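J.: Pasting a structure here, questions to come.
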Amino acid sequence: MSVHCLIIEDEADTAHFVCNGLKEAGYTVMWCRKSVEALDIATSEQWDIIILDRMLPGNVDGLSIVKTLRELGKTTPVLILSALASLDERVRGLRGGGDDYLTKPFAFSELLARVEALTRRSKLSEDVGELRVADLKLDLRMRRVERAGMPIPLQPREFRLLEYLVRHQNQIVTRTMLLESVWDYHFDPQTNVIDVQISRLRSKIDKGFSPPLLHTVRGAGYMVSVHD
Amino acid sequence: MTKLWRSVAFRLALFCGVLVIGSTAVFSAIFYFGTIRKLDQEVDQKIASISERLANNFEARGFEALQREIQTLLTDKFDVDTEIYFLVGPDGEKVVGNLSAGQEFTSPFDQPISREVIRDGLPSSARLVLHKLPNGAVLVVGRDMKDLNGIAKLIWRTIGIGGVIALVLAIGGTILFRYLLERRVGAIRQTVEEIEAGNLTKRIPVSGVEDEFARLSDDMNHMLDRIEHLMDGVRHVSNTIAHNVRTPLSQIRGHLDESLRAGASASRLTEAAEFSIAQVDGLIIVLDKLLQIAESESGTRRRPFKPVALREVVTTVVELYDAIAEAQGIVLITKIEGDPKTIGDKDLLASALANLLDNALKYGGRSVTVCVRETPETGTVSLLVQDNGPGIPPEERPKVIQRFYRLDQRVPGTGLGLSIVAAIAHLHEAALHLEDAGPGLLARIVLPLRVSI
């Protein structure tokens, strides 16, 4: 069953760019450009995710739509798209009920990775005591990792990095997603710090084992998967 | 008239003028009462007492004795010019005195009055006291006021002339004062007009006199210097931004142009698109960083500052950079003394530290130390990043904080890192110090310490 996606965006170019990309990725997409209809459509039908622009025609802040949705008890994941890039606006967007906040301009791979993370999120329970991918096992209670029965010592932050990747296995995870979720800070380090973190983690969990689990997806990010 | 009234100079001068005229009037009044009235009162007292004395004399010694005494007073060559004595018999006929007969003296009795009389055949104005004697005769004692009235006239004339002169002076002063004030203010206004028209180098001419206007002009000139300096800064920043944006834009344009030429291969197109995306991403980063600097510098962040545990900030950022340090073979040492807290924005402080670490790993030596140190005596906490690389020459240190200034053009970067750190420090009311670590660079941010939370 395909994933139903509602895009609320007044600017046609961005909307086409997002719609086409998501359709190619196998999503069912509906585009709505008016804020008045948007709330109707958002509430009357069942959506798996809503992608919402903040600055809508008629001086409407997309946040008001999220607020109304949440007041109606809808828990549909909402990804906010916005040209308002400051930290304050971001915090406001997430406090206002948004599940994720992406600033324009953005790379489509970043949007897709975030949409995937949001739509699949609910399927994995937070409460599992153990995560597995192939012969890699993460014991979440004891914070221990082993592969093919051999214990792998990891630093606490490396463990959180691996946990996030494994929770989102078979999904692309971008550098900024990792920075935001694993380090819980919102700033852009200039150098390739995340890449180096990943390659160190890779050398610990993949070196000497087969098949390789931690893959680099060129131009997009990283993915933990049994397959190439 | 309203226009004139709106002029401060006019109002001030008018006020002064009114003050001058008012004080002249008060002075004249005091002078008048102190002289003329005083003399008048003395005259009244004197004639009243003489009249009383003569009346007593009459009662004691009779009418004849009174006649004799008046006769004596009129012939004693004393006050001959001014004295007036006159006795009218009970039958209404003149008995003795120096007034001409036939003048009626009836009421009012026993109080000083002013009256026209004929004395020694000449008309004159006099001050008189009439007293009716018990036998029906009327005793008149008085004083000729000709001389005193002359003095009064003289004084009135003097006061009048003085008043007119004061009025003329006040009006003249008003005009002169207004003219002088206009001239000083006019110089300032003319300069302001020229500056408004775009000539920011113009300054208000300052005369040698150390008066209020000179001080005002001086202050305004200082303000203009500051504005001009800021404008230069803005112009410089705009130029560097334009330069740093134009360069990648022209590169993008060049690549796209080339890829559209006839015969371009598919791989050429892909390469151009990839190159363009990479350049655009770089531009976005520069834009974001510039906005971050502007936001921090303007200090308009609405998110309120909160207590921040620096231990956590430092640990997290170091944990982010430890892999890259390890990969480069650089020893990354962390020293945290106690559990220092400050008040601020944890994301921004982390960003500042990350930028300093970025620099240290890029340009520093083989060892980088991150240190947090409390100084309770001064109520501060220092965030230090020290490397043992080549450091920054002292004369370059102020420059590296400027936007887009890059010490080493060969190492890739935006040239905005230290500008961001400085702006974040500024927002936290802290300062960024770049010092010699001998060898290496010591970057220090001194934040206010928050002891209890």
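Numbering starts fresh at 1 for the residues of each chain in the structure tokens, the chains themselves are lettered A, B, ... in the order given, and ligands are numbered from 1 as they appear.
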Write down as a list in words the residues of region 104-221 of chain A whose backbone DSSP state falls under strand (DSSP E or B).
T.: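 Checking each residue of region 104-221 of chain A, the strand (DSSP E or B) ones are Glu130, Leu131, Arg132, Val133, Leu136, Lys137, Leu138, Asp139, Arg144, Val145, Glu146, Arg147, Met150, Pro151, Ile152, Val173, Leu214, His215, Thr216, Val217 and Gly221 of chain A.
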J.: Taking only C-alpha atoms into account, which residues of chain A are within 10 Å of chain B, as number ranges by chain?
T.: A: 85-89, 91-92, 104-107, 155-158, 179, 182-201, 219
J.: Just to be explicit: take each residue in the selection above, keep C-alpha atoms, and write the result as a CSV table (one decimal), in the first residue's frame.
T.:
```
chain,number,residue,atom,x,y,z
A,85,ALA,CA,15.6,29.7,8.7
A,86,SER,CA,16.4,31.1,12.1
A,87,LEU,CA,16.7,28.9,15.2
A,88,ASP,CA,13.8,30.8,16.8
A,89,GLU,CA,11.5,30.0,13.9
A,91,VAL,CA,11.8,26.1,17.6
A,92,ARG,CA,8.5,27.8,17.1
A,104,LYS,CA,14.2,26.2,2.0
A,105,PRO,CA,16.2,25.8,-0.2
A,106,PHE,CA,16.6,22.1,0.5
A,107,ALA,CA,18.0,19.1,-1.4
A,155,GLN,CA,31.6,5.0,23.1
A,156,PRO,CA,28.2,6.2,24.4
A,157,ARG,CA,27.7,8.7,21.6
A,158,GLU,CA,28.7,6.0,19.0
A,179,LEU,CA,23.4,15.9,14.0
A,182,VAL,CA,22.2,12.1,18.0
A,183,TRP,CA,23.9,15.3,19.1
A,184,ASP,CA,20.7,17.2,19.7
A,185,TYR,CA,22.2,20.5,18.6
A,186,HIS,CA,21.2,22.8,15.8
A,187,PHE,CA,24.2,24.2,14.1
A,188,ASP,CA,26.2,23.5,11.0
A,189,PRO,CA,29.7,22.3,11.7
A,190,GLN,CA,31.9,23.5,8.8
A,191,THR,CA,33.9,20.3,8.3
A,192,ASN,CA,32.8,16.8,7.4
A,193,VAL,CA,32.5,15.8,11.1
A,194,ILE,CA,29.6,13.5,10.6
A,195,ASP,CA,31.3,11.7,7.7
A,196,VAL,CA,34.3,11.0,9.9
A,197,GLN,CA,32.1,9.8,12.8
A,198,ILE,CA,30.4,7.4,10.4
A,199,SER,CA,33.6,6.0,9.0
A,200,ARG,CA,34.9,5.4,12.5
A,201,LEU,CA,31.7,3.6,13.4
A,219,GLY,CA,24.8,12.8,-2.4
```
J.: Tell me, as a list in words, which residues lie within 9 Å of region 111-122 of chain A, counting only C-alpha atoms; anything in the same chain fewer than 3 positions away does not count.
T.: Val3, Val18, Gly21, Leu22, Ala25, Asp48, Ile49, Ile51, Pro77, Val78, Leu79, Asp99, Asp100, Leu102, Phe106, Ala107, Phe108, Ser125, Glu126, Arg167, His168, Gln171, Ile172, Val173, Thr174, Met177, Ala220 and Gly221 of chain A
J.: Just checking: using only C-alpha atoms, which residue out of A:Ile152, A:Met55, A:Ile8, A:Leu72 ends up closest to Phe209 (chain A)?
T.: A:Ile152
J.: Hey, what's within 12 Å of Thr247 (chain B) if we count only C-alpha atoms and toss same-chain stuff fewer than 6 positions away? As a ChimeraX atom specification, please?
T.: /B:240-241,253-254,279-280,282-283
J.: Extract, using only C-alpha atoms, all DNA, RNA and protein residues at most 12 Å from Gly58 (chain A), discarding same-chain residues fewer than 3 positions from it, and format them as a ChimeraX atom specification.
T.: /A:10,33-36,54-55,61-62
J.: Please, which residues of region 280-369 of chain B, numbered as in this document, come out helix (DSSP H, G or I) from DSSP, as an MDAnalysis selection string?
T.: chainID B and resid 280:298 310:327 346:363
J.: I need the chosen residues saved as a PDB file, in the first residue's frame, with C-alpha atoms.
T.:
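Written file, result.pdb:
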```
ATOM      1  CA  VAL B 280      24.572  26.619  -4.624  1.00  0.00           C
ATOM      2  CA  ASP B 281      24.812  24.576  -1.413  1.00  0.00           C
ATOM      3  CA  GLY B 282      27.960  26.524  -0.560  1.00  0.00           C
ATOM      4  CA  LEU B 283      26.125  29.780  -1.205  1.00  0.00           C
ATOM      5  CA  ILE B 284      23.256  28.673   1.040  1.00  0.00           C
ATOM      6  CA  ILE B 285      25.720  27.950   3.825  1.00  0.00           C
ATOM      7  CA  VAL B 286      27.306  31.396   3.411  1.00  0.00           C
ATOM      8  CA  LEU B 287      23.869  33.004   3.436  1.00  0.00           C
ATOM      9  CA  ASP B 288      22.832  31.097   6.567  1.00  0.00           C
ATOM     10  CA  LYS B 289      26.000  32.089   8.329  1.00  0.00           C
ATOM     11  CA  LEU B 290      25.640  35.746   7.360  1.00  0.00           C
ATOM     12  CA  LEU B 291      22.093  35.703   8.671  1.00  0.00           C
ATOM     13  CA  GLN B 292      23.265  34.085  11.875  1.00  0.00           C
ATOM     14  CA  ILE B 293      25.867  36.817  12.325  1.00  0.00           C
ATOM     15  CA  ALA B 294      23.361  39.556  11.581  1.00  0.00           C
ATOM     16  CA  GLU B 295      20.869  38.012  13.974  1.00  0.00           C
ATOM     17  CA  SER B 296      23.424  37.739  16.756  1.00  0.00           C
ATOM     18  CA  GLU B 297      24.851  41.191  16.147  1.00  0.00           C
ATOM     19  CA  SER B 298      21.501  42.916  16.188  1.00  0.00           C
ATOM     20  CA  LEU B 310      28.891  24.373  29.914  1.00  0.00           C
ATOM     21  CA  ARG B 311      30.062  20.877  30.817  1.00  0.00           C
ATOM     22  CA  GLU B 312      27.332  19.387  28.642  1.00  0.00           C
ATOM     23  CA  VAL B 313      27.942  21.785  25.758  1.00  0.00           C
ATOM     24  CA  VAL B 314      31.668  21.096  25.759  1.00  0.00           C
ATOM     25  CA  THR B 315      31.234  17.316  26.092  1.00  0.00           C
ATOM     26  CA  THR B 316      28.771  17.136  23.227  1.00  0.00           C
ATOM     27  CA  VAL B 317      30.781  19.280  20.859  1.00  0.00           C
ATOM     28  CA  VAL B 318      34.007  17.461  21.702  1.00  0.00           C
ATOM     29  CA  GLU B 319      32.246  14.141  21.113  1.00  0.00           C
ATOM     30  CA  LEU B 320      31.279  15.453  17.694  1.00  0.00           C
ATOM     31  CA  TYR B 321      34.836  16.393  16.817  1.00  0.00           C
ATOM     32  CA  ASP B 322      36.741  13.547  18.469  1.00  0.00           C
ATOM     33  CA  ALA B 323      36.450  11.311  15.400  1.00  0.00           C
ATOM     34  CA  ILE B 324      37.858  13.922  13.035  1.00  0.00           C
ATOM     35  CA  ALA B 325      40.666  14.750  15.461  1.00  0.00           C
ATOM     36  CA  GLU B 326      41.451  11.052  15.743  1.00  0.00           C
ATOM     37  CA  ALA B 327      41.426  10.674  11.958  1.00  0.00           C
ATOM     38  CA  LYS B 346      23.110  26.452  24.280  1.00  0.00           C
ATOM     39  CA  ASP B 347      22.884  25.970  20.507  1.00  0.00           C
ATOM     40  CA  LEU B 348      24.704  29.222  19.846  1.00  0.00           C
ATOM     41  CA  LEU B 349      27.384  28.515  22.439  1.00  0.00           C
ATOM     42  CA  ALA B 350      27.870  25.053  20.934  1.00  0.00           C
ATOM     43  CA  SER B 351      28.103  26.646  17.516  1.00  0.00           C
ATOM     44  CA  ALA B 352      30.762  29.080  18.755  1.00  0.00           C
ATOM     45  CA  LEU B 353      32.774  26.261  20.291  1.00  0.00           C
ATOM     46  CA  ALA B 354      32.382  24.134  17.142  1.00  0.00           C
ATOM     47  CA  ASN B 355      33.693  26.996  15.018  1.00  0.00           C
ATOM     48  CA  LEU B 356      36.717  27.423  17.291  1.00  0.00           C
ATOM     49  CA  LEU B 357      37.364  23.674  17.203  1.00  0.00           C
ATOM     50  CA  ASP B 358      36.964  23.656  13.431  1.00  0.00           C
ATOM     51  CA  ASN B 359      39.674  26.291  13.176  1.00  0.00           C
ATOM     52  CA  ALA B 360      41.957  24.592  15.661  1.00  0.00           C
ATOM     53  CA  LEU B 361      41.716  21.285  13.797  1.00  0.00           C
ATOM     54  CA  LYS B 362      42.181  22.972  10.437  1.00  0.00           C
ATOM     55  CA  TYR B 363      45.007  25.383  11.197  1.00  0.00           C
TER      56      TYR B 363
END
```
